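One structure is given below, encoded as structure tokens.
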Amino acid sequence: LIGSGHGTNAQPQAAIQILEQLVADGDIDATVLLGRVYRFAWWNVAQDWLRSTTLFRKASEAGNDAGATNYADALIHGLGVPADPTAGFELLQNVAEKGVTDAQLDLAHVLSEGTAGLARDQARAYVLYRDVARQGDAYAQFMTCAALMEGRGVARDLHAAARWCDGSARQGYDWAQLRLAEMFRMGQGMPRSANQAYYWYTVAASGTGQVAGRARERRAHLAPEFSREEIEQQTK
């Protein structure tokens, strides 16, 4: 709270000092938090890969799953430590097998992309994404949708993809909102609908980032793709 200024004036240096003392006292949760501060440059703190990875390794060695997940990622990508994809992958697998969501998602990404020269296994990646999606995670639902749409690691199934995309979009995940608009526009896995496409483009366009810009652009080109009768029917 002190570092971010929630409910008080932001005092990042004071927060860092408090966290450093907690780390020195053996507080593992503080160790992981401080590692994230340095990794993601929170609170206007300079990014420090070496410091963050050292903290994550300390937490990992203490048996902390979040620390282990982050340390595994550092090993795979060589962030603040010499790259060792094999060791990082093994550590990540061990944490994912315990049912830790972040580790499962990271492992799914590594398997899907073949990160750092590791063997690609899109079928296993799909299962991981789907299992986390079933727990209600919006990002995992979107990735499950994408796999089903593209036939990555699973047979192509547009109807199932539409269901997962709808669930993710309704939770506010902007990429899913944009994808759902596209699916309604093209009639992929659901009936073609100008009204629904326009609605989801508008929802996706409500933000300020890359997705919002794409949604506004595609919404502007929506009308020419539908006949006057289709648009009138959909908007009644």
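We name chains A, B, ... following the order of the structure tokens; residues begin at 1 in each chain, and ligands are numbered from 1 as shown.
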- request: From a DSSP pass on the backbone, collect the residues of stretch 159-219 of chain A flagged as helix (DSSP H, G or I) and hand them back as a PyMOL selection string.
  value: chain A and resi 159-170+174-186+194-204+210-219
| message | Env of A:Pro191: 12 Å cut, atoms = only C-alpha atoms, seq-sep filter 3 positions within chain, self excluded. Answer as JSON, numbers by chain. | response | {"A": [158, 159, 162, 180, 181, 182, 183, 184, 185, 186, 187, 188, 194, 195, 196, 197, 234]}
Residues as selected, all heavy atoms, written as a short mmCIF file (atom, residue, chain, number, x, y, z; two decimals), in the first residue's frame, can you do that?
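Okay, this is what ended up in result_26.cif:
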```
data_model
loop_
_atom_site.label_atom_id
_atom_site.label_comp_id
_atom_site.auth_asym_id
_atom_site.auth_seq_id
_atom_site.Cartn_x
_atom_site.Cartn_y
_atom_site.Cartn_z
N LEU A 158 -15.29 -25.22 -33.83
CA LEU A 158 -15.67 -23.81 -33.72
C LEU A 158 -16.79 -23.59 -32.71
O LEU A 158 -16.84 -22.53 -32.06
CB LEU A 158 -16.08 -23.27 -35.09
CG LEU A 158 -14.98 -23.21 -36.15
CD1 LEU A 158 -15.52 -22.64 -37.45
CD2 LEU A 158 -13.80 -22.38 -35.65
N HIS A 159 -17.68 -24.54 -32.57
CA HIS A 159 -18.77 -24.38 -31.60
C HIS A 159 -18.23 -24.37 -30.17
O HIS A 159 -18.63 -23.53 -29.36
CB HIS A 159 -19.80 -25.49 -31.78
CG HIS A 159 -20.53 -25.43 -33.09
ND1 HIS A 159 -21.45 -24.46 -33.38
CD2 HIS A 159 -20.45 -26.22 -34.20
CE1 HIS A 159 -21.92 -24.64 -34.60
NE2 HIS A 159 -21.32 -25.70 -35.13
N ALA A 162 -16.39 -21.14 -29.55
CA ALA A 162 -17.29 -20.02 -29.30
C ALA A 162 -17.75 -19.99 -27.84
O ALA A 162 -17.83 -18.92 -27.22
CB ALA A 162 -18.50 -20.10 -30.22
N LEU A 180 -14.62 -12.66 -30.10
CA LEU A 180 -16.04 -13.00 -30.15
C LEU A 180 -16.76 -12.13 -31.17
O LEU A 180 -17.64 -12.62 -31.90
CB LEU A 180 -16.66 -12.84 -28.76
CG LEU A 180 -18.08 -13.38 -28.58
CD1 LEU A 180 -18.12 -14.88 -28.86
CD2 LEU A 180 -18.58 -13.10 -27.16
N ALA A 181 -16.41 -10.85 -31.24
CA ALA A 181 -17.00 -9.97 -32.25
C ALA A 181 -16.69 -10.50 -33.65
O ALA A 181 -17.57 -10.53 -34.53
CB ALA A 181 -16.46 -8.55 -32.09
N GLU A 182 -15.45 -10.93 -33.85
CA GLU A 182 -15.05 -11.47 -35.15
C GLU A 182 -15.83 -12.74 -35.49
O GLU A 182 -16.24 -12.95 -36.65
CB GLU A 182 -13.56 -11.79 -35.15
CG GLU A 182 -12.66 -10.57 -35.03
CD GLU A 182 -12.60 -9.80 -36.33
OE1 GLU A 182 -11.83 -10.19 -37.21
OE2 GLU A 182 -13.34 -8.81 -36.45
N MET A 183 -16.06 -13.58 -34.49
CA MET A 183 -16.78 -14.82 -34.71
C MET A 183 -18.23 -14.55 -35.09
O MET A 183 -18.79 -15.20 -35.97
CB MET A 183 -16.67 -15.71 -33.46
CG MET A 183 -15.25 -16.17 -33.16
SD MET A 183 -15.10 -17.17 -31.67
CE MET A 183 -15.66 -18.77 -32.29
N PHE A 184 -18.85 -13.57 -34.44
CA PHE A 184 -20.21 -13.19 -34.82
C PHE A 184 -20.24 -12.56 -36.22
O PHE A 184 -21.16 -12.79 -36.99
CB PHE A 184 -20.80 -12.21 -33.80
CG PHE A 184 -21.46 -12.87 -32.63
CD1 PHE A 184 -20.95 -12.72 -31.34
CD2 PHE A 184 -22.60 -13.64 -32.80
CE1 PHE A 184 -21.56 -13.32 -30.26
CE2 PHE A 184 -23.22 -14.25 -31.71
CZ PHE A 184 -22.70 -14.10 -30.44
N ARG A 185 -19.22 -11.78 -36.53
CA ARG A 185 -19.17 -11.13 -37.84
C ARG A 185 -19.08 -12.16 -38.96
O ARG A 185 -19.72 -12.01 -40.00
CB ARG A 185 -17.97 -10.18 -37.91
CG ARG A 185 -17.83 -9.45 -39.26
CD ARG A 185 -16.69 -8.45 -39.24
NE ARG A 185 -15.41 -9.07 -39.11
CZ ARG A 185 -14.70 -9.58 -40.12
NH1 ARG A 185 -15.19 -9.55 -41.34
NH2 ARG A 185 -13.52 -10.12 -39.90
N MET A 186 -18.29 -13.20 -38.73
CA MET A 186 -18.06 -14.19 -39.78
C MET A 186 -18.94 -15.42 -39.64
O MET A 186 -18.92 -16.31 -40.50
CB MET A 186 -16.59 -14.59 -39.77
CG MET A 186 -15.66 -13.46 -40.15
SD MET A 186 -13.91 -13.96 -40.23
CE MET A 186 -13.51 -14.08 -38.48
N GLY A 187 -19.70 -15.51 -38.54
CA GLY A 187 -20.53 -16.70 -38.34
C GLY A 187 -19.72 -17.94 -38.04
O GLY A 187 -20.01 -19.02 -38.54
N GLN A 188 -18.71 -17.81 -37.21
CA GLN A 188 -17.85 -18.94 -36.85
C GLN A 188 -18.32 -19.54 -35.53
O GLN A 188 -18.20 -18.91 -34.49
CB GLN A 188 -16.40 -18.49 -36.72
CG GLN A 188 -15.77 -18.07 -38.03
CD GLN A 188 -14.32 -17.66 -37.84
OE1 GLN A 188 -13.97 -16.97 -36.89
NE2 GLN A 188 -13.48 -18.07 -38.77
N ALA A 194 -24.87 -9.23 -37.11
CA ALA A 194 -24.33 -7.87 -37.14
C ALA A 194 -24.50 -7.20 -35.79
O ALA A 194 -23.62 -6.48 -35.30
CB ALA A 194 -25.04 -7.06 -38.23
N ASN A 195 -25.65 -7.45 -35.15
CA ASN A 195 -25.94 -6.82 -33.87
C ASN A 195 -24.94 -7.26 -32.80
O ASN A 195 -24.36 -6.43 -32.09
CB ASN A 195 -27.37 -7.18 -33.45
CG ASN A 195 -27.80 -6.42 -32.20
OD1 ASN A 195 -27.44 -5.27 -32.02
ND2 ASN A 195 -28.57 -7.08 -31.35
N GLN A 196 -24.72 -8.58 -32.69
CA GLN A 196 -23.79 -9.09 -31.69
C GLN A 196 -22.34 -8.71 -32.00
O GLN A 196 -21.55 -8.40 -31.09
CB GLN A 196 -23.93 -10.61 -31.58
CG GLN A 196 -25.18 -11.06 -30.87
CD GLN A 196 -25.21 -10.64 -29.42
OE1 GLN A 196 -24.23 -10.79 -28.69
NE2 GLN A 196 -26.34 -10.10 -28.98
N ALA A 197 -21.99 -8.72 -33.27
CA ALA A 197 -20.64 -8.30 -33.65
C ALA A 197 -20.41 -6.85 -33.25
O ALA A 197 -19.38 -6.50 -32.66
CB ALA A 197 -20.42 -8.47 -35.15
N GLN A 234 -31.20 -7.44 -37.45
CA GLN A 234 -30.42 -7.65 -36.24
C GLN A 234 -30.63 -6.56 -35.21
O GLN A 234 -30.46 -6.77 -34.02
CB GLN A 234 -28.92 -7.76 -36.58
CG GLN A 234 -28.55 -8.98 -37.38
CD GLN A 234 -28.73 -10.27 -36.61
OE1 GLN A 234 -28.77 -10.26 -35.38
NE2 GLN A 234 -28.87 -11.37 -37.31
#
```
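Closest approach to A:Cys145 among A:Val110, A:Gly172, A:Gly189, A:Pro12: A:Gly189, based on only C-alpha atoms.
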| task | Would you work out the distance separating atom CA of A:His109 from atom CA of A:Arg134, expressed in Å to one decimal? | result |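 A separation of 17.2 Å between them.
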Task: Surrounding residues of A:Tyr71 excluding itself and chain neighbours under 5 positions, 7 Å, only C-alpha atoms, as a ChimeraX atom specification - done: /A:53,56-57,60
Exercise. Quick one: residues within 12 Å of stretch 112-123 of chain A, only C-alpha atoms counted, chain neighbours fewer than 2 positions away excluded, as a ChimeraX atom specification?
Worked result: /A:73-78,83-90,105-110,125-130,143-144,146-148,150-155
Write the residues you've just listed into a file as a short mmCIF file (atom, residue, chain, number, x, y, z; two decimals), in the first residue's frame, and include N, CA and C atoms for each of them.
```
data_model
loop_
_atom_site.label_atom_id
_atom_site.label_comp_id
_atom_site.auth_asym_id
_atom_site.auth_seq_id
_atom_site.Cartn_x
_atom_site.Cartn_y
_atom_site.Cartn_z
N ASP A 73 10.86 -19.48 -14.66
CA ASP A 73 10.77 -18.61 -15.84
C ASP A 73 12.11 -17.91 -16.09
N ALA A 74 12.76 -17.48 -15.01
CA ALA A 74 14.06 -16.82 -15.15
C ALA A 74 15.10 -17.78 -15.72
N LEU A 75 15.08 -19.03 -15.28
CA LEU A 75 16.02 -20.03 -15.79
C LEU A 75 15.78 -20.32 -17.28
N ILE A 76 14.52 -20.43 -17.64
CA ILE A 76 14.18 -20.74 -19.03
C ILE A 76 14.63 -19.63 -19.97
N HIS A 77 14.43 -18.38 -19.55
CA HIS A 77 14.72 -17.24 -20.42
C HIS A 77 16.06 -16.57 -20.14
N GLY A 78 16.77 -17.03 -19.11
CA GLY A 78 18.06 -16.41 -18.79
C GLY A 78 17.91 -15.00 -18.28
N ALA A 83 21.03 -18.85 -18.59
CA ALA A 83 19.89 -19.64 -19.06
C ALA A 83 20.14 -21.13 -18.89
N ASP A 84 19.14 -21.81 -18.36
CA ASP A 84 19.17 -23.26 -18.21
C ASP A 84 17.74 -23.76 -18.44
N PRO A 85 17.30 -23.79 -19.71
CA PRO A 85 15.92 -24.15 -20.01
C PRO A 85 15.50 -25.51 -19.46
N THR A 86 16.40 -26.47 -19.47
CA THR A 86 16.04 -27.81 -19.00
C THR A 86 15.72 -27.79 -17.51
N ALA A 87 16.58 -27.14 -16.72
CA ALA A 87 16.33 -27.06 -15.28
C ALA A 87 15.08 -26.24 -14.99
N GLY A 88 14.90 -25.15 -15.73
CA GLY A 88 13.72 -24.33 -15.53
C GLY A 88 12.44 -25.07 -15.86
N PHE A 89 12.47 -25.83 -16.95
CA PHE A 89 11.31 -26.60 -17.37
C PHE A 89 10.96 -27.66 -16.33
N GLU A 90 11.97 -28.34 -15.81
CA GLU A 90 11.73 -29.38 -14.80
C GLU A 90 11.10 -28.77 -13.55
N LEU A 105 -0.17 -22.27 -16.41
CA LEU A 105 -0.28 -21.38 -17.56
C LEU A 105 1.09 -21.13 -18.19
N ASP A 106 2.10 -20.94 -17.36
CA ASP A 106 3.45 -20.75 -17.89
C ASP A 106 3.92 -21.99 -18.64
N LEU A 107 3.64 -23.16 -18.06
CA LEU A 107 4.04 -24.41 -18.70
C LEU A 107 3.30 -24.61 -20.02
N ALA A 108 2.03 -24.27 -20.04
CA ALA A 108 1.25 -24.38 -21.28
C ALA A 108 1.85 -23.50 -22.37
N HIS A 109 2.25 -22.30 -22.00
CA HIS A 109 2.85 -21.38 -22.98
C HIS A 109 4.17 -21.94 -23.52
N VAL A 110 5.00 -22.44 -22.62
CA VAL A 110 6.29 -23.01 -23.02
C VAL A 110 6.08 -24.18 -23.98
N ALA A 125 -0.23 -28.77 -24.05
CA ALA A 125 -0.52 -27.36 -23.75
C ALA A 125 -2.03 -27.13 -23.72
N TYR A 126 -2.73 -27.70 -24.70
CA TYR A 126 -4.18 -27.54 -24.74
C TYR A 126 -4.84 -28.08 -23.48
N VAL A 127 -4.42 -29.25 -23.04
CA VAL A 127 -5.01 -29.86 -21.84
C VAL A 127 -4.79 -28.96 -20.62
N LEU A 128 -3.60 -28.39 -20.51
CA LEU A 128 -3.31 -27.49 -19.39
C LEU A 128 -4.20 -26.25 -19.45
N TYR A 129 -4.29 -25.62 -20.61
CA TYR A 129 -5.15 -24.44 -20.75
C TYR A 129 -6.60 -24.79 -20.43
N ARG A 130 -7.07 -25.92 -20.97
CA ARG A 130 -8.46 -26.32 -20.75
C ARG A 130 -8.74 -26.58 -19.28
N MET A 143 -7.35 -18.83 -24.38
CA MET A 143 -6.35 -19.67 -25.02
C MET A 143 -6.94 -21.02 -25.45
N THR A 144 -7.89 -21.53 -24.67
CA THR A 144 -8.58 -22.76 -25.06
C THR A 144 -9.40 -22.52 -26.32
N ALA A 146 -8.76 -20.27 -28.61
CA ALA A 146 -7.83 -20.11 -29.74
C ALA A 146 -7.34 -21.45 -30.25
N ALA A 147 -7.03 -22.37 -29.32
CA ALA A 147 -6.56 -23.69 -29.72
C ALA A 147 -7.63 -24.45 -30.50
N LEU A 148 -8.87 -24.36 -30.04
CA LEU A 148 -9.97 -25.04 -30.71
C LEU A 148 -10.26 -24.43 -32.08
N GLU A 150 -8.05 -22.97 -34.05
CA GLU A 150 -6.94 -23.20 -34.97
C GLU A 150 -6.53 -24.66 -35.06
N GLY A 151 -7.13 -25.52 -34.24
CA GLY A 151 -6.76 -26.93 -34.25
C GLY A 151 -5.37 -27.16 -33.72
N ARG A 152 -4.96 -26.41 -32.69
CA ARG A 152 -3.63 -26.57 -32.09
C ARG A 152 -3.70 -27.53 -30.91
N GLY A 153 -3.23 -28.75 -31.13
CA GLY A 153 -3.21 -29.74 -30.06
C GLY A 153 -4.54 -30.41 -29.81
N VAL A 154 -5.54 -30.07 -30.63
CA VAL A 154 -6.88 -30.62 -30.46
C VAL A 154 -7.61 -30.48 -31.79
N ALA A 155 -8.60 -31.34 -32.03
CA ALA A 155 -9.37 -31.23 -33.26
C ALA A 155 -10.11 -29.89 -33.31
#
```
| query | Could you state the separation of atom CA of A:Cys165 and atom CA of A:Phe142 in Å, given to one decimal place? | reply |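 Interatomic distance, atom CA of A:Cys165 to atom CA of A:Phe142: 5.5 Å.
Between A:Arg39 and the residues A:Val132, A:Leu79, A:Ala160, A:Leu111, the shortest atom-to-atom distance, using only C-alpha atoms, involves A:Leu79.
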Taking only C-alpha atoms into account, which of A:Asn44, A:Gln21, A:Gln141, A:Ser52 comes nearest A:Asn70?
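Smallest separation from A:Asn70 among the options: A:Ser52.
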**Item:** Surrounding residues of stretch 206-223 of chain A excluding itself and chain neighbours under 3 positions, 10 Å, only C-alpha atoms, as a list in words
**Value:**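 Residues near the query, excluding close chain neighbours: Asp174, Trp175, Ala176, Gln177, Leu178, Arg179, Ala181, Glu182, Arg185, Ala194, Ala197, Tyr198, Tyr199, Trp200, Tyr201, Thr202, Val203, Phe226, Ser227, Arg228, Glu230 and Ile231 of chain A.
Residue nearest A:Ala62, chosen from A:Val32, A:Ser168, A:Gly99, A:Leu22 and counting only C-alpha atoms: A:Val32.
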| task | Calculate how many Å separate atom CA of A:Leu92 from atom CA of A:Asn64, rounding to one decimal. | result |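 Going from atom CA of A:Leu92 over to atom CA of A:Asn64, I get 12.4 Å.
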Extract, using only C-alpha atoms, all DNA, RNA and protein residues at most 12 Å from A:Leu55, discarding same-chain residues fewer than 2 positions from it, and format them as a PyMOL selection string.
chain A and resi 19-20+23-24+26-39+48-53+57-62+64+66-68+70-71+74+80-81
